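Pasting my_file-v1.pdb here (PDB, C-alpha atoms and all ligand atoms):
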ATOM      1  CA  MET A  96     -31.203  -1.685 -14.365
ATOM      2  CA  PRO A  97     -29.743  -0.499 -11.059
ATOM      3  CA  LYS A  98     -32.243   1.165  -8.731
ATOM      4  CA  LEU A  99     -32.083   4.946  -9.036
ATOM      5  CA  LEU A 100     -32.046   6.644  -5.624
ATOM      6  CA  ARG A 101     -32.519  10.407  -5.454
ATOM      7  CA  THR A 102     -32.779  11.142  -1.732
ATOM      8  CA  ILE A 103     -30.957  10.203   1.453
ATOM      9  CA  SER A 104     -34.004   8.413   2.837
ATOM     10  CA  GLU A 105     -34.281   6.353  -0.365
ATOM     11  CA  VAL A 106     -30.665   5.274   0.183
ATOM     12  CA  SER A 107     -31.398   4.390   3.847
ATOM     13  CA  ASP A 108     -34.430   2.317   2.841
ATOM     14  CA  PHE A 109     -32.408   0.543   0.158
ATOM     15  CA  THR A 110     -29.387  -0.245   2.357
ATOM     16  CA  SER A 111     -31.267  -1.059   5.590
ATOM     17  CA  LEU A 112     -31.708  -4.760   4.868
ATOM     18  CA  TYR A 113     -28.061  -5.163   3.877
ATOM     19  CA  HIS A 114     -27.031  -3.497   7.142
ATOM     20  CA  LEU A 115     -29.491  -5.622   9.150
ATOM     21  CA  VAL A 116     -28.040  -8.919   7.936
ATOM     22  CA  ASN A 117     -24.454  -7.637   7.938
ATOM     23  CA  ARG A 118     -23.864  -7.747   4.197
ATOM     24  CA  ARG A 119     -20.919  -5.876   2.646
ATOM     25  CA  ILE A 120     -21.743  -2.676   0.815
ATOM     26  CA  GLY A 121     -19.275  -1.341  -1.748
ATOM     27  CA  LEU A 122     -19.475   2.282  -2.875
ATOM     28  CA  ILE A 123     -18.025   3.810  -6.032
ATOM     29  CA  PRO A 124     -18.210   7.603  -5.793
ATOM     30  CA  THR A 125     -18.212   9.265  -9.239
ATOM     31  CA  MET A 126     -19.202  12.467 -10.976
ATOM     32  CA  GLY A 127     -20.767  10.525 -13.863
ATOM     33  CA  ALA A 128     -19.857  10.570 -17.587
ATOM     34  CA  LEU A 129     -18.629   7.092 -16.829
ATOM     35  CA  HIS A 130     -15.823   5.351 -18.707
ATOM     36  CA  GLU A 131     -14.112   1.981 -18.529
ATOM     37  CA  GLY A 132     -12.076   3.090 -15.482
ATOM     38  CA  HIS A 133     -15.253   3.656 -13.455
ATOM     39  CA  LEU A 134     -16.675   0.341 -14.662
ATOM     40  CA  GLU A 135     -13.540  -1.528 -13.619
ATOM     41  CA  LEU A 136     -14.020  -0.205 -10.068
ATOM     42  CA  GLY A 137     -17.542  -1.648 -10.114
ATOM     43  CA  ARG A 138     -16.387  -5.024 -11.412
ATOM     44  CA  LYS A 139     -13.907  -5.274  -8.541
ATOM     45  CA  ALA A 140     -16.599  -4.216  -6.066
ATOM     46  CA  ARG A 141     -19.009  -6.777  -7.540
ATOM     47  CA  LYS A 142     -16.524  -9.566  -6.714
ATOM     48  CA  GLU A 143     -15.957  -8.364  -3.156
ATOM     49  CA  CYS A 144     -19.307  -6.994  -1.971
ATOM     50  CA  ASP A 145     -22.926  -8.115  -1.623
ATOM     51  CA  CYS A 146     -24.246  -4.737  -2.687
ATOM     52  CA  VAL A 147     -22.648  -2.328  -5.169
ATOM     53  CA  ILE A 148     -23.740   1.307  -5.092
ATOM     54  CA  TYR A 149     -22.453   4.024  -7.424
ATOM     55  CA  SER A 150     -22.934   7.667  -6.636
ATOM     56  CA  ILE A 151     -23.199  10.127  -9.503
ATOM     57  CA  PHE A 152     -22.904  13.689  -8.302
ATOM     58  CA  VAL A 153     -21.040  16.601  -9.879
ATOM     59  CA  ASN A 154     -19.895  18.056  -6.584
ATOM     60  CA  PRO A 155     -19.899  21.870  -6.864
ATOM     61  CA  ILE A 156     -17.719  22.467  -3.796
ATOM     62  CA  GLN A 157     -14.695  20.775  -5.349
ATOM     63  CA  PHE A 158     -14.672  23.136  -8.348
ATOM     64  CA  GLY A 159     -12.974  26.523  -8.164
ATOM     65  CA  LYS A 160     -13.989  29.754  -9.869
ATOM     66  CA  GLY A 161     -13.451  29.550 -13.637
ATOM     67  CA  GLU A 162     -13.247  25.745 -13.608
ATOM     68  CA  ASP A 163     -15.500  23.449 -15.625
ATOM     69  CA  LEU A 164     -18.440  22.860 -13.219
ATOM     70  CA  GLU A 165     -21.082  23.959 -15.734
ATOM     71  CA  ARG A 166     -19.621  22.207 -18.741
ATOM     72  CA  TYR A 167     -18.583  19.010 -16.906
ATOM     73  CA  PRO A 168     -19.970  16.160 -19.080
ATOM     74  CA  ARG A 169     -23.267  14.657 -17.926
ATOM     75  CA  ASP A 170     -24.908  11.531 -19.374
ATOM     76  CA  MET A 171     -27.308   9.971 -16.881
ATOM     77  CA  LYS A 172     -29.036   7.709 -19.398
ATOM     78  CA  GLY A 173     -25.770   6.346 -20.819
ATOM     79  CA  ASP A 174     -24.346   5.943 -17.302
ATOM     80  CA  MET A 175     -27.338   3.884 -16.127
ATOM     81  CA  GLU A 176     -26.922   1.530 -19.111
ATOM     82  CA  LYS A 177     -23.206   1.105 -18.411
ATOM     83  CA  LEU A 178     -23.857   0.418 -14.741
ATOM     84  CA  ASP A 179     -26.446  -2.166 -15.659
ATOM     85  CA  SER A 180     -23.724  -3.977 -17.615
ATOM     86  CA  VAL A 181     -21.472  -4.273 -14.530
ATOM     87  CA  GLY A 182     -24.345  -5.435 -12.329
ATOM     88  CA  ALA A 183     -24.529  -2.418 -10.003
ATOM     89  CA  ASP A 184     -27.416  -2.675  -7.547
ATOM     90  CA  ALA A 185     -28.148   1.015  -7.086
ATOM     91  CA  VAL A 186     -27.147   4.507  -8.151
ATOM     92  CA  PHE A 187     -27.404   7.456  -5.787
ATOM     93  CA  ALA A 188     -27.772  10.586  -7.925
ATOM     94  CA  PRO A 189     -28.899  13.474  -5.716
ATOM     95  CA  GLU A 190     -29.620  17.075  -6.667
ATOM     96  CA  THR A 191     -27.198  19.586  -5.145
ATOM     97  CA  ALA A 192     -29.853  20.805  -2.661
ATOM     98  CA  ILE A 193     -30.057  17.301  -1.186
ATOM     99  CA  MET A 194     -26.332  17.306  -0.436
ATOM    100  CA  TYR A 195     -25.848  20.922   0.628
ATOM    101  CA  GLY A 196     -28.404  23.106   2.338
ATOM    102  CA  LYS A 197     -28.291  26.858   1.632
ATOM    103  CA  ASP A 198     -26.210  27.598   4.737
ATOM    104  CA  HIS A 199     -23.915  24.559   4.549
ATOM    105  CA  SER A 200     -20.741  25.479   6.430
ATOM    106  CA  THR A 201     -19.107  22.261   7.636
ATOM    107  CA  PHE A 202     -16.129  20.969   5.655
ATOM    108  CA  VAL A 203     -13.277  18.504   6.032
ATOM    109  CA  ASP A 204      -9.980  20.399   6.241
ATOM    110  CA  THR A 205      -7.385  18.218   4.506
ATOM    111  CA  GLY A 206      -4.469  20.383   5.662
ATOM    112  CA  ARG A 207      -1.087  20.765   3.964
ATOM    113  CA  ILE A 208      -1.341  17.659   1.770
ATOM    114  CA  GLY A 209      -4.398  19.259   0.144
ATOM    115  CA  ARG A 210      -2.394  22.370  -0.748
ATOM    116  CA  ILE A 211       0.483  20.710  -2.640
ATOM    117  CA  LEU A 212       0.547  19.431  -6.265
ATOM    118  CA  CYS A 213      -3.023  19.854  -7.626
ATOM    119  CA  GLY A 214      -3.984  21.777  -4.480
ATOM    120  CA  ARG A 215      -1.605  24.589  -5.416
ATOM    121  CA  THR A 216      -3.820  25.738  -8.271
ATOM    122  CA  ARG A 217      -7.108  24.164  -7.145
ATOM    123  CA  LYS A 218      -7.464  25.898  -3.802
ATOM    124  CA  ASN A 219     -10.385  24.203  -2.030
ATOM    125  CA  HIS A 220     -10.545  21.182  -4.291
ATOM    126  CA  PHE A 221      -9.544  18.492  -1.799
ATOM    127  CA  ARG A 222     -11.619  20.055   0.962
ATOM    128  CA  GLY A 223     -14.603  19.652  -1.372
ATOM    129  CA  VAL A 224     -13.663  16.087  -2.304
ATOM    130  CA  ALA A 225     -13.104  14.958   1.293
ATOM    131  CA  THR A 226     -16.346  16.597   2.438
ATOM    132  CA  VAL A 227     -18.521  14.962  -0.211
ATOM    133  CA  VAL A 228     -16.840  11.573   0.204
ATOM    134  CA  LEU A 229     -17.365  11.669   3.976
ATOM    135  CA  LYS A 230     -21.027  12.544   3.387
ATOM    136  CA  LEU A 231     -21.373   9.665   0.900
ATOM    137  CA  PHE A 232     -19.784   7.287   3.417
ATOM    138  CA  ASN A 233     -22.285   8.393   6.062
ATOM    139  CA  ILE A 234     -25.278   8.278   3.732
ATOM    140  CA  THR A 235     -24.557   4.789   2.374
ATOM    141  CA  GLY A 236     -22.836   3.261   5.418
ATOM    142  CA  CYS A 237     -20.576   1.462   2.945
ATOM    143  CA  ASP A 238     -17.954  -0.992   4.164
ATOM    144  CA  GLN A 239     -15.510  -0.235   1.400
ATOM    145  CA  ALA A 240     -15.134   2.387  -1.301
ATOM    146  CA  TYR A 241     -13.273   2.189  -4.601
ATOM    147  CA  PHE A 242     -11.196   4.939  -6.193
ATOM    148  CA  GLY A 243      -9.026   5.082  -9.312
ATOM    149  CA  LYS A 244      -5.347   5.777  -8.692
ATOM    150  CA  LYS A 245      -5.242   8.196 -11.617
ATOM    151  CA  ASP A 246      -6.334  10.693  -8.978
ATOM    152  CA  TYR A 247      -3.392   9.633  -6.832
ATOM    153  CA  GLN A 248      -3.387  12.667  -4.538
ATOM    154  CA  GLN A 249      -7.115  12.210  -3.914
ATOM    155  CA  PHE A 250      -6.519   8.526  -3.090
ATOM    156  CA  VAL A 251      -3.760   9.329  -0.546
ATOM    157  CA  ILE A 252      -5.777  12.168   1.021
ATOM    158  CA  LEU A 253      -8.888   9.995   1.427
ATOM    159  CA  LYS A 254      -6.865   7.173   3.008
ATOM    160  CA  LYS A 255      -5.412   9.731   5.415
ATOM    161  CA  MET A 256      -8.888  11.072   6.222
ATOM    162  CA  VAL A 257     -10.171   7.577   7.031
ATOM    163  CA  ARG A 258      -7.140   6.874   9.227
ATOM    164  CA  GLU A 259      -7.124  10.173  11.059
ATOM    165  CA  LEU A 260     -10.884  10.410  11.621
ATOM    166  CA  ASP A 261     -11.116   6.710  12.675
ATOM    167  CA  LEU A 262     -13.702   5.987  10.005
ATOM    168  CA  PRO A 263     -14.804   2.352   9.618
ATOM    169  CA  HIS A 264     -14.623   2.379   5.811
ATOM    170  CA  GLU A 265     -11.869   0.792   3.753
ATOM    171  CA  ILE A 266     -10.431   2.712   0.799
ATOM    172  CA  ILE A 267      -9.480   0.527  -2.143
ATOM    173  CA  GLY A 268      -7.325   1.941  -4.938
ATOM    174  CA  ILE A 269      -7.457   0.535  -8.456
ATOM    175  CA  ASP A 270      -4.741   1.014 -11.079
ATOM    176  CA  THR A 271      -5.369   3.552 -13.812
ATOM    177  CA  ILE A 272      -7.200   2.226 -16.842
ATOM    178  CA  ARG A 273      -5.722   3.500 -20.108
ATOM    179  CA  ASP A 274      -6.738   3.692 -23.739
ATOM    180  CA  PRO A 275      -4.647   1.438 -26.019
ATOM    181  CA  ASP A 276      -2.304   4.381 -26.797
ATOM    182  CA  GLY A 277      -1.652   4.907 -23.077
ATOM    183  CA  LEU A 278      -3.824   7.970 -22.370
ATOM    184  CA  ALA A 279      -5.329   7.641 -18.885
ATOM    185  CA  MET A 280      -9.113   7.410 -19.105
ATOM    186  CA  SER A 281     -10.850  10.509 -17.812
ATOM    187  CA  SER A 282     -14.259  12.067 -18.298
ATOM    188  CA  ARG A 283     -12.408  15.260 -19.261
ATOM    189  CA  ASN A 284     -10.778  13.558 -22.291
ATOM    190  CA  SER A 285     -14.038  14.331 -24.106
ATOM    191  CA  TYR A 286     -12.953  18.023 -24.167
ATOM    192  CA  LEU A 287      -9.937  17.198 -26.381
ATOM    193  CA  SER A 288      -9.920  17.719 -30.152
ATOM    194  CA  ASP A 289      -8.312  14.955 -32.255
ATOM    195  CA  SER A 290      -4.976  16.746 -32.442
ATOM    196  CA  GLN A 291      -5.010  17.633 -28.725
ATOM    197  CA  ARG A 292      -5.766  14.018 -27.923
ATOM    198  CA  LYS A 293      -2.692  12.957 -29.908
ATOM    199  CA  SER A 294      -0.578  15.450 -27.970
ATOM    200  CA  ALA A 295      -2.007  14.176 -24.668
ATOM    201  CA  VAL A 296      -0.483  10.745 -25.310
ATOM    202  CA  SER A 297       2.922  12.349 -24.667
ATOM    203  CA  ILE A 298       2.085  12.439 -20.949
ATOM    204  CA  TYR A 299       2.048   8.680 -20.511
ATOM    205  CA  ARG A 300       4.893   8.292 -23.007
ATOM    206  CA  ALA A 301       7.003  10.555 -20.794
ATOM    207  CA  LEU A 302       6.014   8.839 -17.552
ATOM    208  CA  SER A 303       6.710   5.338 -18.867
ATOM    209  CA  LYS A 304      10.043   6.432 -20.320
ATOM    210  CA  ALA A 305      10.986   7.807 -16.889
ATOM    211  CA  LYS A 306      10.040   4.530 -15.235
ATOM    212  CA  GLY A 307      11.956   2.492 -17.824
ATOM    213  CA  ASN A 308      15.109   4.600 -17.472
ATOM    214  CA  LEU A 309      14.932   5.115 -13.719
ATOM    215  CA  LEU A 310      18.091   3.157 -12.921
ATOM    216  CA  LYS A 311      20.126   5.331 -15.293
ATOM    217  CA  TYR A 312      19.556   8.412 -13.159
ATOM    218  CA  LYS A 313      21.526   9.386 -10.074
ATOM    219  CA  ASP A 314      19.929  12.776  -9.695
ATOM    220  CA  LYS A 315      16.170  13.235  -9.609
ATOM    221  CA  SER A 316      16.356  16.651 -11.265
ATOM    222  CA  ASP A 317      17.892  15.048 -14.387
ATOM    223  CA  LEU A 318      15.004  12.597 -14.507
ATOM    224  CA  ILE A 319      12.488  15.428 -14.162
ATOM    225  CA  ARG A 320      14.245  17.527 -16.842
ATOM    226  CA  ASP A 321      14.270  14.668 -19.384
ATOM    227  CA  THR A 322      10.652  13.737 -18.624
ATOM    228  CA  ARG A 323       9.524  17.340 -19.033
ATOM    229  CA  SER A 324      11.243  17.545 -22.400
ATOM    230  CA  VAL A 325       9.226  14.590 -23.762
ATOM    231  CA  ILE A 326       5.962  16.365 -22.877
ATOM    232  CA  GLU A 327       7.162  19.794 -23.955
ATOM    233  CA  LYS A 328       7.857  18.534 -27.482
ATOM    234  CA  GLU A 329       4.104  18.934 -27.905
ATOM    235  CA  LYS A 330       3.457  22.616 -28.605
ATOM    236  CA  SER A 331       0.022  22.633 -26.999
ATOM    237  CA  ALA A 332       1.243  21.037 -23.744
ATOM    238  CA  GLU A 333       1.823  23.213 -20.708
ATOM    239  CA  ILE A 334       3.145  21.441 -17.602
ATOM    240  CA  GLU A 335       1.627  22.687 -14.359
ATOM    241  CA  TYR A 336       3.772  20.396 -12.207
ATOM    242  CA  LEU A 337       5.889  17.281 -12.625
ATOM    243  CA  GLU A 338       7.223  15.925  -9.358
ATOM    244  CA  ILE A 339       8.460  12.758  -7.737
ATOM    245  CA  ARG A 340       6.897  12.157  -4.343
ATOM    246  CA  ASN A 341       6.841   9.486  -1.706
ATOM    247  CA  ALA A 342       4.022   7.117  -2.718
ATOM    248  CA  ASP A 343       2.637   6.705   0.815
ATOM    249  CA  ASP A 344       2.328  10.271   2.050
ATOM    250  CA  LEU A 345       3.317  12.443  -0.936
ATOM    251  CA  SER A 346       6.217  13.944   1.024
ATOM    252  CA  LYS A 347       9.146  15.319  -0.993
ATOM    253  CA  ILE A 348      12.020  12.953  -1.650
ATOM    254  CA  LYS A 349      15.676  13.870  -1.313
ATOM    255  CA  SER A 350      17.180  11.248  -3.581
ATOM    256  CA  LEU A 351      16.114   8.397  -5.812
ATOM    257  CA  LYS A 352      17.969   5.913  -3.652
ATOM    258  CA  THR A 353      16.016   5.584  -0.434
ATOM    259  CA  GLY A 354      14.533   2.168  -1.257
ATOM    260  CA  LYS A 355      11.043   3.588  -0.779
ATOM    261  CA  LYS A 356       8.141   3.594  -3.198
ATOM    262  CA  PHE A 357       7.938   6.769  -5.272
ATOM    263  CA  VAL A 358       5.320   8.164  -7.562
ATOM    264  CA  LEU A 359       5.969  10.493 -10.481
ATOM    265  CA  MET A 360       2.986  12.843 -10.711
ATOM    266  CA  THR A 361       1.988  15.441 -13.238
ATOM    267  CA  ALA A 362      -0.718  17.882 -14.281
ATOM    268  CA  VAL A 363      -0.566  19.110 -17.857
ATOM    269  CA  LYS A 364      -2.795  21.509 -19.737
ATOM    270  CA  ILE A 365      -3.448  20.532 -23.334
ATOM    271  CA  GLY A 366      -5.281  23.395 -25.016
ATOM    272  CA  GLY A 367      -7.568  24.464 -22.179
ATOM    273  CA  THR A 368      -7.958  20.957 -20.746
ATOM    274  CA  ARG A 369      -6.160  20.069 -17.540
ATOM    275  CA  LEU A 370      -5.141  16.408 -17.386
ATOM    276  CA  ILE A 371      -3.461  14.564 -14.524
ATOM    277  CA  ASP A 372      -1.522  11.317 -14.560
ATOM    278  CA  ASN A 373       1.085   9.463 -12.546
ATOM    279  CA  ILE A 374       3.239   6.380 -12.508
ATOM    280  CA  GLU A 375       4.487   4.420  -9.518
ATOM    281  CA  LEU A 376       8.283   3.971  -9.450
ATOM    282  CA  ASN A 377       9.664   1.211  -7.265
TER     283      ASN A 377
HETATM  284  O1  LIG B   1     -12.860  11.353  -8.435
HETATM  285  C1  LIG B   1     -13.986  11.894  -8.567
HETATM  286  O2  LIG B   1     -14.710  11.662  -9.538
HETATM  287  C2  LIG B   1     -14.487  12.835  -7.491
HETATM  288  O3  LIG B   1     -13.457  13.603  -6.985
HETATM  289  C3  LIG B   1     -15.258  12.122  -6.351
HETATM  290  C4  LIG B   1     -14.349  11.180  -5.589
HETATM  291  C5  LIG B   1     -16.428  11.358  -6.936
HETATM  292  C6  LIG B   1     -15.802  13.154  -5.367
HETATM  293  O4  LIG B   1     -16.690  14.019  -5.970
END

Could you rewrite the structure in this file as structure tokens?
Amino acid sequence: MPKLLRTISEVSDFTSLYHLVNRRIGLIPTMGALHEGHLELGRKARKECDCVIYSIFVNPIQFGKGEDLERYPRDMKGDMEKLDSVGADAVFAPETAIMYGKDHSTFVDTGRIGRILCGRTRKNHFRGVATVVLKLFNITGCDQAYFGKKDYQQFVILKKMVRELDLPHEIIGIDTIRDPDGLAMSSRNSYLSDSQRKSAVSIYRALSKAKGNLLKYKDKSDLIRDTRSVIEKEKSAEIEYLEIRNADDLSKIKSLKTGKKFVLMTAVKIGGTRLIDNIELN
């Protein structure tokens, strides 16, 4: 079993020898309720690093009012068993009080990029993500950290944070892991009923259709309209946004013909469950 670390000094004691002899530490930050996507990040880290640490922490400051902080799935025992199977060395699973003192008031401001797309409805979400990830970087002193590209906006924002704050850590993005029917793996999929889960498959169906038909479109608004209609065939699906953005910096694109890498990104509510997904368009 991986070693369970509950405090910052336990993490320092655990990592000190690795730091002393210059060994590579890989970190996989998670909120637990682990699925195959999280495990794939660990397998990649295992190949590239001498020490693989997962963090499991449901970070309260990235949840807004009325979001699912309290009901977010938690399964520490199951998670530890899964992490044993990928050969993780340690798991840092702190209580909230360890991460944030009562008067905690220092945050990473992610700026405009944190206010677009998901940030439009989730006001301080990326501020909370960037703050906890920076803390986890400092606590573990990791050399590299692994993130799933399902959370594409998070991935771009964290890369920007590392670049702009001159942090020594490398951010590694891993392609989205999907169920056989195409649904992107997410801890929140456990909220879906059987029929909602079937409807949720329309998200990836729509994104892959858009990618497949990309060359047929001259105008990006036609592509968006047709993609929306695939999702909207499902009665329970409510699209929060569906946008094509520049894959590097999430800036808006004028036309489909700039020769740059684009990403088609969406957030869709199925029943009460908010799901995100994306597909890279080249
Ligand atoms: O992607 C997540 O699970 C979370 O946003 C992260 C990166 C672990 C920060 O809490």

Check every protein, DNA and RNA residue against ligand LIG 1 (chain B), keep those with an atom at most 8 Å away (counting all atoms listed in the file), and present them as a JSON list (two decimals) with C-alpha atoms, in the coordinates of the input.
[["chain", "number", "residue", "atom", "x", "y", "z"],
["A", 123, "ILE", "CA", -18.02, 3.81, -6.03],
["A", 124, "PRO", "CA", -18.21, 7.60, -5.79],
["A", 125, "THR", "CA", -18.21, 9.26, -9.24],
["A", 126, "MET", "CA", -19.20, 12.47, -10.98],
["A", 127, "GLY", "CA", -20.77, 10.52, -13.86],
["A", 150, "SER", "CA", -22.93, 7.67, -6.64],
["A", 151, "ILE", "CA", -23.20, 10.13, -9.50],
["A", 152, "PHE", "CA", -22.90, 13.69, -8.30],
["A", 153, "VAL", "CA", -21.04, 16.60, -9.88],
["A", 154, "ASN", "CA", -19.90, 18.06, -6.58],
["A", 157, "GLN", "CA", -14.70, 20.78, -5.35],
["A", 223, "GLY", "CA", -14.60, 19.65, -1.37],
["A", 224, "VAL", "CA", -13.66, 16.09, -2.30],
["A", 225, "ALA", "CA", -13.10, 14.96, 1.29],
["A", 227, "VAL", "CA", -18.52, 14.96, -0.21],
["A", 228, "VAL", "CA", -16.84, 11.57, 0.20],
["A", 242, "PHE", "CA", -11.20, 4.94, -6.19],
["A", 243, "GLY", "CA", -9.03, 5.08, -9.31],
["A", 246, "ASP", "CA", -6.33, 10.69, -8.98],
["A", 249, "GLN", "CA", -7.12, 12.21, -3.91]]

*asked:* Could you tell me how far atom CA of A:Ile339 sits from atom CA of A:Arg210, in Å to one decimal place?
replied: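 Atom-to-atom, atom CA of A:Arg210 and atom CA of A:Ile339 are spaced 16.1 Å apart.
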
*Can you work out the spacing between atom CA of A:Glu259 and atom CA of A:Thr226 in Å, to one decimal?*
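It comes out at 14.2 Å.
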
_So that I can check the surroundings of stretch 290-301 of chain A, please list as a list in words every protein, DNA and RNA residue that reaches within 9 Å of it, counting all atoms listed in the file and ignoring chain neighbours fewer than 4 positions away._
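Neighbouring residues, sequence-local ones excluded: Asp276, Gly277, Leu278, Ala279, Asn284, Ala305, Lys306, Asp321, Thr322, Arg323, Ser324, Val325, Ile326, Glu327, Lys328, Glu329, Lys330, Ser331, Ala332, Thr361, Val363, Lys364, Ile365, Gly366, Leu370, Ile371, Asp372, Asn373 and Ile374 of chain A.
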
*Which one of A:Asp198, A:Asp317, A:Glu375, A:Asp108 sits closest to A:Ala342 if you count all atoms listed in the file?*
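Between A:Asp198, A:Asp317, A:Glu375, A:Asp108, the residue approaching A:Ala342 most closely is A:Glu375.
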
_Please determine, counting all atoms listed in the file, which residue among A:Gln239, A:Thr110, A:Asn308, A:Ser346 has the shortest atom-to-atom distance to A:Leu376._
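The answer is A:Asn308, which sits nearest to A:Leu376.
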
*Check the smallest atom-to-atom distance from each of A:Glu335, A:Asp145, A:Asp170, A:Asp163 to A:Ala362 using all atoms listed in the file, then report the winner.*
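Of A:Glu335, A:Asp145, A:Asp170, A:Asp163, the one nearest A:Ala362, counting all atoms listed in the file, is A:Glu335.
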
*Could you check how far atom CA of A:Arg169 sits from atom CA of A:Lys244, in Å to one decimal?*
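Calculated distance between atom CA of A:Arg169 and atom CA of A:Lys244 is 22.0 Å.
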
*Tell me which of A:Glu131, A:Asp174, A:Leu359, A:Ser282 sits closest to A:Ile319, counting all atoms listed in the file.*
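Of A:Glu131, A:Asp174, A:Leu359, A:Ser282, the one nearest A:Ile319, counting all atoms listed in the file, is A:Leu359.
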
_Taking 6 positions as the minimum chain separation for residues in the same chain, which residues sit within 10 Å of A:Asp344 when counting only C-alpha atoms? Answer as a ChimeraX atom specification._
/A:208,248,251-252,254-255,357

*Tell me which residues the PyMOL selection byres (((chain A and resi 263) around 9) and not hetatm) grabs here, as a ChimeraX atom specification.*
/A:237-239,257-258,261-262,264-265

*Which one of A:Leu134, A:Leu100, A:Val186, A:Ile272 sits closest to A:Ile148 if you count all atoms listed in the file?*
A:Val186

*Output check: residues returned by the PyMOL selection byres (((chain A and resi 350) around 12) and not hetatm), as a PyMOL selection string*: chain A and resi 312-318+339-341+347-349+351-357

Residue contacts of A:Ser180 (12 Å, all atoms listed in the file) excluding same-chain residues fewer than 6 positions away, as a compact mmCIF listing (two decimals) with C-alpha atoms, in the coordinates of the input:
# COMPACT_ATOMS: atom_id res chain seq x y z
CA MET A 96 -31.20 -1.68 -14.36
CA PRO A 97 -29.74 -0.50 -11.06
CA GLU A 131 -14.11 1.98 -18.53
CA LEU A 134 -16.68 0.34 -14.66
CA GLU A 135 -13.54 -1.53 -13.62
CA GLY A 137 -17.54 -1.65 -10.11
CA ARG A 138 -16.39 -5.02 -11.41
CA ARG A 141 -19.01 -6.78 -7.54
CA GLY A 173 -25.77 6.35 -20.82
CA ASP A 174 -24.35 5.94 -17.30

_Given the PyMOL selection byres (((chain A and resi 119) around 7) and not hetatm) and the file above, list the residues it selects as a list in words._
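Written out, the selection comes to Asn117, Arg118, Ile120, Gly121, Cys144, Asp145, Cys146 and Asp238 of chain A.
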
*Nearest to A:Gly214: which of A:Leu99, A:Lys172, A:Gly196, A:Phe158 is it, counting only C-alpha atoms?*
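Of A:Leu99, A:Lys172, A:Gly196, A:Phe158, the one nearest A:Gly214, counting only C-alpha atoms, is A:Phe158.
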